[in-house]
file target.cif (mmCIF, C-alpha atoms and all ligand atoms)
data_target
loop_
_atom_site.group_PDB
_atom_site.id
_atom_site.type_symbol
_atom_site.label_atom_id
_atom_site.label_comp_id
_atom_site.auth_asym_id
_atom_site.auth_seq_id
_atom_site.Cartn_x
_atom_site.Cartn_y
_atom_site.Cartn_z
ATOM 1 C CA MET A 1 115.364 96.861 71.923
ATOM 2 C CA LEU A 2 117.636 99.635 73.224
ATOM 3 C CA CYS A 3 116.379 101.620 76.249
ATOM 4 C CA ASP A 4 117.213 105.254 76.953
ATOM 5 C CA ASP A 5 119.944 104.280 79.462
ATOM 6 C CA GLY A 6 121.806 102.111 76.920
ATOM 7 C CA SER A 7 120.647 98.761 78.332
ATOM 8 C CA HIS A 8 118.488 96.332 76.368
ATOM 9 C CA THR A 9 114.996 95.091 77.038
ATOM 10 C CA LEU A 10 112.701 92.683 75.181
ATOM 11 C CA PHE A 11 109.193 92.988 73.811
ATOM 12 C CA ASN A 12 106.763 90.073 74.268
ATOM 13 C CA ASP A 13 104.342 90.285 71.367
ATOM 14 C CA VAL A 14 101.883 87.768 72.837
ATOM 15 C CA ILE A 15 101.448 89.777 76.055
ATOM 16 C CA ASN A 16 102.103 93.027 74.173
ATOM 17 C CA ASP A 17 104.491 94.361 76.798
ATOM 18 C CA THR A 18 108.183 95.006 77.364
ATOM 19 C CA TYR A 19 110.185 93.227 80.075
ATOM 20 C CA HIS A 20 111.266 96.584 81.547
ATOM 21 C CA SER A 21 110.638 100.291 81.181
ATOM 22 C CA ARG A 22 111.834 101.529 77.809
ATOM 23 C CA LEU A 23 113.307 104.476 79.689
ATOM 24 C CA GLY A 24 115.982 102.172 81.101
ATOM 25 C CA ALA A 25 115.972 98.512 82.086
ATOM 26 C CA VAL A 26 119.022 98.696 84.347
ATOM 27 C CA THR A 27 118.009 102.084 85.758
ATOM 28 C CA GLU A 28 114.519 100.815 86.606
ATOM 29 C CA SER A 29 115.742 97.569 88.124
ATOM 30 C CA LYS A 30 118.332 99.324 90.294
ATOM 31 C CA HIS A 31 115.833 101.898 91.513
ATOM 32 C CA VAL A 32 112.785 99.714 92.156
ATOM 33 C CA PHE A 33 114.250 96.406 93.283
ATOM 34 C CA LEU A 34 117.709 97.224 94.610
ATOM 35 C CA LYS A 35 117.448 100.728 96.081
ATOM 36 C CA ASN A 36 113.892 100.446 97.422
ATOM 37 C CA GLY A 37 114.032 96.722 98.140
ATOM 38 C CA LEU A 38 117.385 95.110 98.835
ATOM 39 C CA PHE A 39 119.290 98.153 100.101
ATOM 40 C CA ALA A 40 116.350 99.343 102.205
ATOM 41 C CA LEU A 41 116.497 96.044 104.098
ATOM 42 C CA ILE A 42 120.288 96.140 104.419
ATOM 43 C CA GLU A 43 120.074 99.698 105.802
ATOM 44 C CA LYS A 44 117.706 98.399 108.483
ATOM 45 C CA GLY A 45 120.386 95.928 109.561
ATOM 46 C CA VAL A 46 118.788 92.803 108.086
ATOM 47 C CA THR A 47 121.548 90.303 107.299
ATOM 48 C CA GLU A 48 119.596 87.219 106.211
ATOM 49 C CA ILE A 49 117.637 88.142 103.113
ATOM 50 C CA ASN A 50 115.248 85.685 101.469
ATOM 51 C CA ILE A 51 114.210 87.089 98.120
ATOM 52 C CA LEU A 52 111.229 85.922 96.093
ATOM 53 C CA GLU A 53 111.129 87.179 92.523
ATOM 54 C CA VAL A 54 107.955 86.935 90.468
ATOM 55 C CA GLY A 55 109.097 86.775 86.845
ATOM 56 C CA PHE A 56 112.742 85.765 86.203
ATOM 57 C CA GLY A 57 112.580 86.820 82.529
ATOM 58 C CA THR A 58 115.933 88.105 81.320
ATOM 59 C CA GLY A 59 117.480 87.569 84.765
ATOM 60 C CA LEU A 60 118.401 91.239 85.058
ATOM 61 C CA ASN A 61 117.178 91.680 88.664
ATOM 62 C CA ALA A 62 119.017 88.536 89.726
ATOM 63 C CA LEU A 63 122.191 89.583 87.901
ATOM 64 C CA LEU A 64 122.221 93.035 89.512
ATOM 65 C CA THR A 65 121.471 91.585 92.950
ATOM 66 C CA ILE A 66 124.313 89.073 92.662
ATOM 67 C CA GLN A 67 126.729 91.622 91.281
ATOM 68 C CA GLU A 68 125.966 94.338 93.866
ATOM 69 C CA THR A 69 126.049 91.971 96.867
ATOM 70 C CA GLY A 70 129.317 90.439 95.683
ATOM 71 C CA LEU A 71 131.261 93.403 97.118
ATOM 72 C CA PRO A 72 133.416 92.608 100.200
ATOM 73 C CA LYS A 73 131.311 94.981 102.351
ATOM 74 C CA PHE A 74 128.416 92.547 101.960
ATOM 75 C CA ASP A 75 130.328 89.424 103.008
ATOM 76 C CA HIS A 76 128.263 89.317 106.230
ATOM 77 C CA LEU A 77 124.989 88.845 104.309
ATOM 78 C CA LYS A 78 123.277 85.528 103.692
ATOM 79 C CA ILE A 79 120.993 85.717 100.684
ATOM 80 C CA ASN A 80 118.602 83.105 99.311
ATOM 81 C CA TYR A 81 117.194 84.099 95.929
ATOM 82 C CA HIS A 82 114.166 82.185 94.602
ATOM 83 C CA THR A 83 112.679 83.150 91.265
ATOM 84 C CA PHE A 84 109.616 81.895 89.381
ATOM 85 C CA GLU A 85 109.150 81.824 85.630
ATOM 86 C CA THR A 86 106.661 80.191 83.262
ATOM 87 C CA GLU A 87 108.239 80.962 79.877
ATOM 88 C CA PRO A 88 112.037 80.792 79.971
ATOM 89 C CA LEU A 89 113.727 82.762 77.227
ATOM 90 C CA SER A 90 115.739 80.912 74.590
ATOM 91 C CA PRO A 91 119.557 81.039 74.565
ATOM 92 C CA GLU A 92 119.338 82.814 71.180
ATOM 93 C CA ILE A 93 117.322 85.683 72.621
ATOM 94 C CA LEU A 94 119.382 85.853 75.820
ATOM 95 C CA GLY A 95 122.567 85.967 73.745
ATOM 96 C CA LYS A 96 121.454 89.236 72.172
ATOM 97 C CA LEU A 97 121.096 91.108 75.478
ATOM 98 C CA ASN A 98 123.910 93.474 76.408
ATOM 99 C CA TYR A 99 123.666 92.917 80.190
ATOM 100 C CA PRO A 100 127.066 91.244 80.591
ATOM 101 C CA THR A 101 128.635 94.463 79.260
ATOM 102 C CA VAL A 102 126.302 97.032 80.781
ATOM 103 C CA VAL A 103 126.322 95.413 84.210
ATOM 104 C CA ALA A 104 130.099 94.864 84.163
ATOM 105 C CA ASP A 105 129.651 91.134 84.717
ATOM 106 C CA VAL A 106 133.102 90.047 83.587
ATOM 107 C CA ALA A 107 132.711 87.937 80.427
ATOM 108 C CA GLY A 108 129.059 87.372 81.320
ATOM 109 C CA VAL A 109 130.005 84.687 83.849
ATOM 110 C CA ILE A 110 127.140 85.269 86.281
ATOM 111 C CA PHE A 111 124.649 85.886 83.486
ATOM 112 C CA SER A 112 125.360 82.495 81.952
ATOM 113 C CA LEU A 113 125.512 80.745 85.339
ATOM 114 C CA ILE A 114 122.021 81.865 86.334
ATOM 115 C CA HIS A 115 120.519 81.071 82.940
ATOM 116 C CA ASN A 116 122.197 77.682 82.528
ATOM 117 C CA ASP A 117 121.484 76.653 86.102
ATOM 118 C CA LYS A 118 119.044 73.718 86.472
ATOM 119 C CA TRP A 119 115.450 74.485 87.418
ATOM 120 C CA GLY A 120 114.456 73.568 90.969
ATOM 121 C CA VAL A 121 118.016 72.907 92.161
ATOM 122 C CA PRO A 122 119.644 75.318 94.646
ATOM 123 C CA PHE A 123 122.957 76.648 93.421
ATOM 124 C CA GLN A 124 125.549 78.701 95.297
ATOM 125 C CA VAL A 125 126.461 81.489 92.877
ATOM 126 C CA THR A 126 128.656 83.541 95.212
ATOM 127 C CA THR A 127 129.866 83.015 98.769
ATOM 128 C CA ASN A 128 126.874 84.848 100.225
ATOM 129 C CA LEU A 129 124.133 84.008 97.722
ATOM 130 C CA ASN A 130 122.184 80.846 96.983
ATOM 131 C CA PHE A 131 120.022 80.866 93.896
ATOM 132 C CA THR A 132 117.053 78.678 92.895
ATOM 133 C CA LYS A 133 114.875 79.021 89.780
ATOM 134 C CA TRP A 134 111.414 77.491 89.677
ATOM 135 C CA LYS A 135 109.834 76.784 86.304
ATOM 136 C CA MET A 136 106.238 77.166 87.373
ATOM 137 C CA PRO A 137 103.620 79.864 87.804
ATOM 138 C CA ILE A 138 103.882 81.725 91.073
ATOM 139 C CA GLN A 139 100.271 80.667 91.676
ATOM 140 C CA LYS A 140 101.604 77.106 92.229
ATOM 141 C CA ALA A 141 104.264 78.106 94.782
ATOM 142 C CA GLU A 142 102.257 76.590 97.647
ATOM 143 C CA THR A 143 102.961 73.133 96.182
ATOM 144 C CA ILE A 144 106.683 73.505 96.958
ATOM 145 C CA LYS A 145 106.318 75.494 100.181
ATOM 146 C CA ASP A 146 108.512 73.013 102.088
ATOM 147 C CA LYS A 147 111.415 73.968 99.767
ATOM 148 C CA LEU A 148 111.000 77.709 100.248
ATOM 149 C CA PRO A 149 112.203 79.937 103.099
ATOM 150 C CA ALA A 150 109.857 82.531 104.614
ATOM 151 C CA PHE A 151 110.529 85.517 102.389
ATOM 152 C CA ASN A 152 111.366 88.965 103.696
ATOM 153 C CA LEU A 153 111.780 90.627 100.286
ATOM 154 C CA ILE A 154 109.609 90.236 97.186
ATOM 155 C CA TYR A 155 110.590 91.573 93.777
ATOM 156 C CA PHE A 156 107.186 91.720 92.085
ATOM 157 C CA ASP A 157 108.097 92.063 88.415
ATOM 158 C CA ALA A 158 105.139 90.716 86.436
ATOM 159 C CA PHE A 159 104.026 92.170 83.116
ATOM 160 C CA ALA A 160 101.874 95.271 83.594
ATOM 161 C CA PRO A 161 98.319 94.930 84.950
ATOM 162 C CA ASN A 162 96.755 96.025 81.635
ATOM 163 C CA ASN A 163 98.518 93.172 79.847
ATOM 164 C CA GLN A 164 98.480 90.387 82.443
ATOM 165 C CA PRO A 165 95.781 91.403 84.947
ATOM 166 C CA GLU A 166 95.517 88.030 86.710
ATOM 167 C CA MET A 167 99.009 88.499 88.179
ATOM 168 C CA TRP A 168 97.898 91.578 90.109
ATOM 169 C CA GLU A 169 94.712 90.222 91.672
ATOM 170 C CA THR A 170 94.196 89.869 95.424
ATOM 171 C CA PRO A 171 94.542 86.031 95.480
ATOM 172 C CA VAL A 172 98.125 86.304 94.172
ATOM 173 C CA PHE A 173 98.971 88.888 96.835
ATOM 174 C CA GLU A 174 97.326 86.709 99.506
ATOM 175 C CA LEU A 175 99.525 83.843 98.366
ATOM 176 C CA LEU A 176 102.647 86.037 98.633
ATOM 177 C CA TYR A 177 101.539 87.211 102.066
ATOM 178 C CA GLY A 178 101.329 83.571 103.134
ATOM 179 C CA LEU A 179 104.835 82.843 101.801
ATOM 180 C CA SER A 180 106.410 85.751 103.618
ATOM 181 C CA CYS A 181 107.455 86.545 107.180
ATOM 182 C CA PRO A 182 106.474 89.577 109.274
ATOM 183 C CA GLN A 183 108.138 92.783 108.060
ATOM 184 C CA CYS A 184 108.408 91.377 104.550
ATOM 185 C CA ARG A 185 108.769 94.124 101.969
ATOM 186 C CA LEU A 186 107.272 93.810 98.480
ATOM 187 C CA VAL A 187 108.430 96.228 95.800
ATOM 188 C CA THR A 188 107.068 96.751 92.320
ATOM 189 C CA TYR A 189 107.435 99.307 89.544
ATOM 190 C CA CYS A 190 103.653 99.639 89.263
ATOM 191 C CA ALA A 191 101.735 102.422 91.007
ATOM 192 C CA LYS A 192 98.147 101.755 89.918
ATOM 193 C CA ALA A 193 95.408 102.558 92.423
ATOM 194 C CA GLN A 194 93.665 99.204 91.808
ATOM 195 C CA VAL A 195 96.903 97.326 92.552
ATOM 196 C CA LYS A 196 97.249 99.256 95.817
ATOM 197 C CA ARG A 197 93.686 98.279 96.728
ATOM 198 C CA ASN A 198 94.359 94.621 95.913
ATOM 199 C CA LEU A 199 97.512 94.621 98.055
ATOM 200 C CA LYS A 200 95.590 96.209 100.936
ATOM 201 C CA ALA A 201 92.858 93.601 100.545
ATOM 202 C CA ALA A 202 95.575 90.969 101.044
ATOM 203 C CA ASP A 203 96.573 92.742 104.303
ATOM 204 C CA PHE A 204 99.721 94.489 103.097
ATOM 205 C CA LYS A 205 100.414 98.027 104.297
ATOM 206 C CA VAL A 206 100.899 100.043 101.124
ATOM 207 C CA THR A 207 102.996 103.153 100.579
ATOM 208 C CA ALA A 208 104.152 104.937 97.465
ATOM 209 C CA ALA A 209 107.745 105.922 96.795
ATOM 210 C CA PRO A 210 109.166 108.065 93.983
ATOM 211 C CA GLY A 211 109.492 105.952 90.858
ATOM 212 C CA PRO A 212 112.503 105.593 88.567
ATOM 213 C CA PRO A 213 113.323 108.546 86.269
ATOM 214 C CA ARG A 214 110.202 109.958 84.585
ATOM 215 C CA LYS A 215 107.833 107.718 86.613
ATOM 216 C CA ARG A 216 106.148 109.549 89.463
ATOM 217 C CA GLU A 217 105.545 106.605 91.785
ATOM 218 C CA MET A 218 106.190 102.972 92.574
ATOM 219 C CA ILE A 219 104.672 100.758 95.272
ATOM 220 C CA ILE A 220 106.216 99.481 98.492
ATOM 221 C CA ALA A 221 104.006 97.046 100.430
ATOM 222 C CA GLU A 222 104.841 95.627 103.860
ATOM 223 C CA LYS A 223 103.552 92.736 105.891
ATOM 224 C CA ILE A 224 103.055 94.250 109.302
ATOM 225 C CA ALA A 225 101.745 91.249 111.268
HETATM 226 C C1 LIG A 301 108.135 91.980 83.211
HETATM 227 S S1 LIG A 301 108.764 90.408 82.738
HETATM 228 C C2 LIG A 301 110.117 89.995 83.744
HETATM 229 C C3 LIG A 301 111.158 90.870 84.084
HETATM 230 C C4 LIG A 301 112.311 90.142 84.700
HETATM 231 N N1 LIG A 301 112.351 90.284 86.130
HETATM 232 C C5 LIG A 301 113.543 90.663 84.022
HETATM 233 O O1 LIG A 301 114.357 91.335 84.682
HETATM 234 O O2 LIG A 301 113.682 90.398 82.845
HETATM 235 C C6 LIG A 301 107.563 89.318 83.512
HETATM 236 C C7 LIG A 301 107.972 87.873 83.550
HETATM 237 O O3 LIG A 301 107.002 87.119 84.273
HETATM 238 C C8 LIG A 301 106.861 85.853 83.658
HETATM 239 N N2 LIG A 301 105.563 85.282 84.070
HETATM 240 C C9 LIG A 301 104.366 85.352 83.440
HETATM 241 N N3 LIG A 301 103.410 84.709 84.132
HETATM 242 C C10 LIG A 301 104.023 84.235 85.250
HETATM 243 C C11 LIG A 301 103.556 83.482 86.374
HETATM 244 N N4 LIG A 301 102.278 83.108 86.470
HETATM 245 N N5 LIG A 301 104.448 83.157 87.337
HETATM 246 C C12 LIG A 301 105.766 83.534 87.237
HETATM 247 N N6 LIG A 301 106.257 84.264 86.192
HETATM 248 C C13 LIG A 301 105.395 84.601 85.223
HETATM 249 C C14 LIG A 301 106.948 86.199 82.185
HETATM 250 O O4 LIG A 301 107.226 85.071 81.384
HETATM 251 C C15 LIG A 301 108.064 87.231 82.169
HETATM 252 O O5 LIG A 301 109.321 86.632 82.031
#
call {"tool": "encode", "arguments": {"input": "target.cif", "output": "structure tokens", "more": "lines below"}}
Ligand SMILES: C[S@@+](CC[C@H](N)C(=O)[O-])C[C@H]1O[C@@H](n2cnc3c(N)ncnc32)[C@H](O)[C@@H]1O
result
Amino acid sequence: MLCDDGSHTLFNDVINDTYHSRLGAVTESKHVFLKNGLFALIEKGVTEINILEVGFGTGLNALLTIQETGLPKFDHLKINYHTFETEPLSPEILGKLNYPTVVADVAGVIFSLIHNDKWGVPFQVTTNLNFTKWKMPIQKAETIKDKLPAFNLIYFDAFAPNNQPEMWETPVFELLYGLSCPQCRLVTYCAKAQVKRNLKAADFKVTAAPGPPRKREMIIAEKIA
């Protein structure tokens, strides 16, 4: 499916939801996860960034993160990217996405590396970024806690609360709180009042930021302790 910004997204007809905003997959990902997540941390002077992504899906957030931090000005960063996924997409479906072109990933090298990478095995994709995919529900992350760093950035990219409500409940946010270090920043495209309440119930400090084009708000949650 073609979004308004020329990038593709997918529709999951079991969950009845798209993988990204139809207004623009790349635009949304760059605004929510990179601008308000990754770059906000870099601007604060953080150089070791441990990212936890909930929902690997098409790999778009990972691809953009790898591509943007591959610039020489980010050579000083050390990034560990861990992503969780329950239903990996098939090579046939992935092959139809136009991300290698839209994201200027030359010949789709990074896109195929991250998708063909083995599950549960750390892999150095670029000089400053280590990448590990976990084929399991985020709810089971505690079982591999000894293999995870303390996260200081969470890309929360689950399907929308109306379509997969269990992902947005307080116990999931409590789990993420437990996996993260003080000053951890969680970003998500969602701005629902109930989600804000659930994050607060898990002890996150919640603020709203302007959303991507044509979306009024998104959520930024921080672990203050
Ligand atoms: C909104 S889509 C993902 C978007 C993804 N970040 C991308 O750029 O394509 C949500 C993803 O979460 C995955 N998912 C569903 N339940 C999950 C769970 N319990 N733990 C981890 N991922 C889950 C879905 O299979 C889907 O790929």
call {"tool": "residues_near_ligand", "arguments": {"input": "target.cif", "ligand": "ligand LIG 301 (chain A)", "cutoff": "6 Å", "atoms": "all atoms listed in the file", "output": "ChimeraX atom specification"}}
result
/A:19-20,54-61,84-87,137-138,157-159
call {"tool": "closest_residue", "arguments": {"input": "target.cif", "among": "A:Thr170, A:Asn98, A:Gln139, A:Thr69", "to": "Val125 (chain A)", "atoms": "all atoms listed in the file"}}
result
A:Thr69
call {"tool": "atom_distance", "arguments": {"input": "target.cif", "atom1": "CA of Thr27 (chain A)", "atom2": "CA of Thr207 (chain A)"}}
result
21.1 Å
call {"tool": "resolve_selection", "arguments": {"input": "target.cif", "expression": "the PyMOL selection byres (((chain A and resi 8-17) around 8) and not hetatm)", "output": "short mmCIF file (atom, residue, chain, number, x, y, z; two decimals) with C-alpha atoms, in the coordinates of the input"}}
result
data_model
loop_
_atom_site.label_atom_id
_atom_site.label_comp_id
_atom_site.auth_asym_id
_atom_site.auth_seq_id
_atom_site.Cartn_x
_atom_site.Cartn_y
_atom_site.Cartn_z
CA MET A 1 115.36 96.86 71.92
CA LEU A 2 117.64 99.64 73.22
CA CYS A 3 116.38 101.62 76.25
CA GLY A 6 121.81 102.11 76.92
CA SER A 7 120.65 98.76 78.33
CA THR A 18 108.18 95.01 77.36
CA TYR A 19 110.18 93.23 80.08
CA HIS A 20 111.27 96.58 81.55
CA SER A 21 110.64 100.29 81.18
CA ARG A 22 111.83 101.53 77.81
CA GLY A 24 115.98 102.17 81.10
CA ALA A 25 115.97 98.51 82.09
CA LEU A 97 121.10 91.11 75.48
CA ASN A 98 123.91 93.47 76.41
CA TYR A 99 123.67 92.92 80.19
CA PHE A 159 104.03 92.17 83.12
CA ALA A 160 101.87 95.27 83.59
CA ASN A 163 98.52 93.17 79.85
CA GLN A 164 98.48 90.39 82.44
#
call {"tool": "axis_aligned_box", "arguments": {"input": "target.cif", "around": "region 77-92 of chain A", "padding_each_side": "3 Å", "output": "AutoDock Vina command-line options"}}
result
--center_x 115.8 --center_y 84.5 --center_z 87.7 --size_x 24.3 --size_y 14.7 --size_z 39.1
call {"tool": "resolve_selection", "arguments": {"input": "target.cif", "expression": "the PyMOL selection byres (((chain A and resi 108) around 12) and not hetatm)", "output": "number ranges by chain"}}
result
A: 60, 63, 67, 94-95, 97-107, 109-116
call {"tool": "atom_distance", "arguments": {"input": "target.cif", "atom1": "CA of Leu23 (chain A)", "atom2": "CA of Arg216 (chain A)"}}
result
13.1 Å
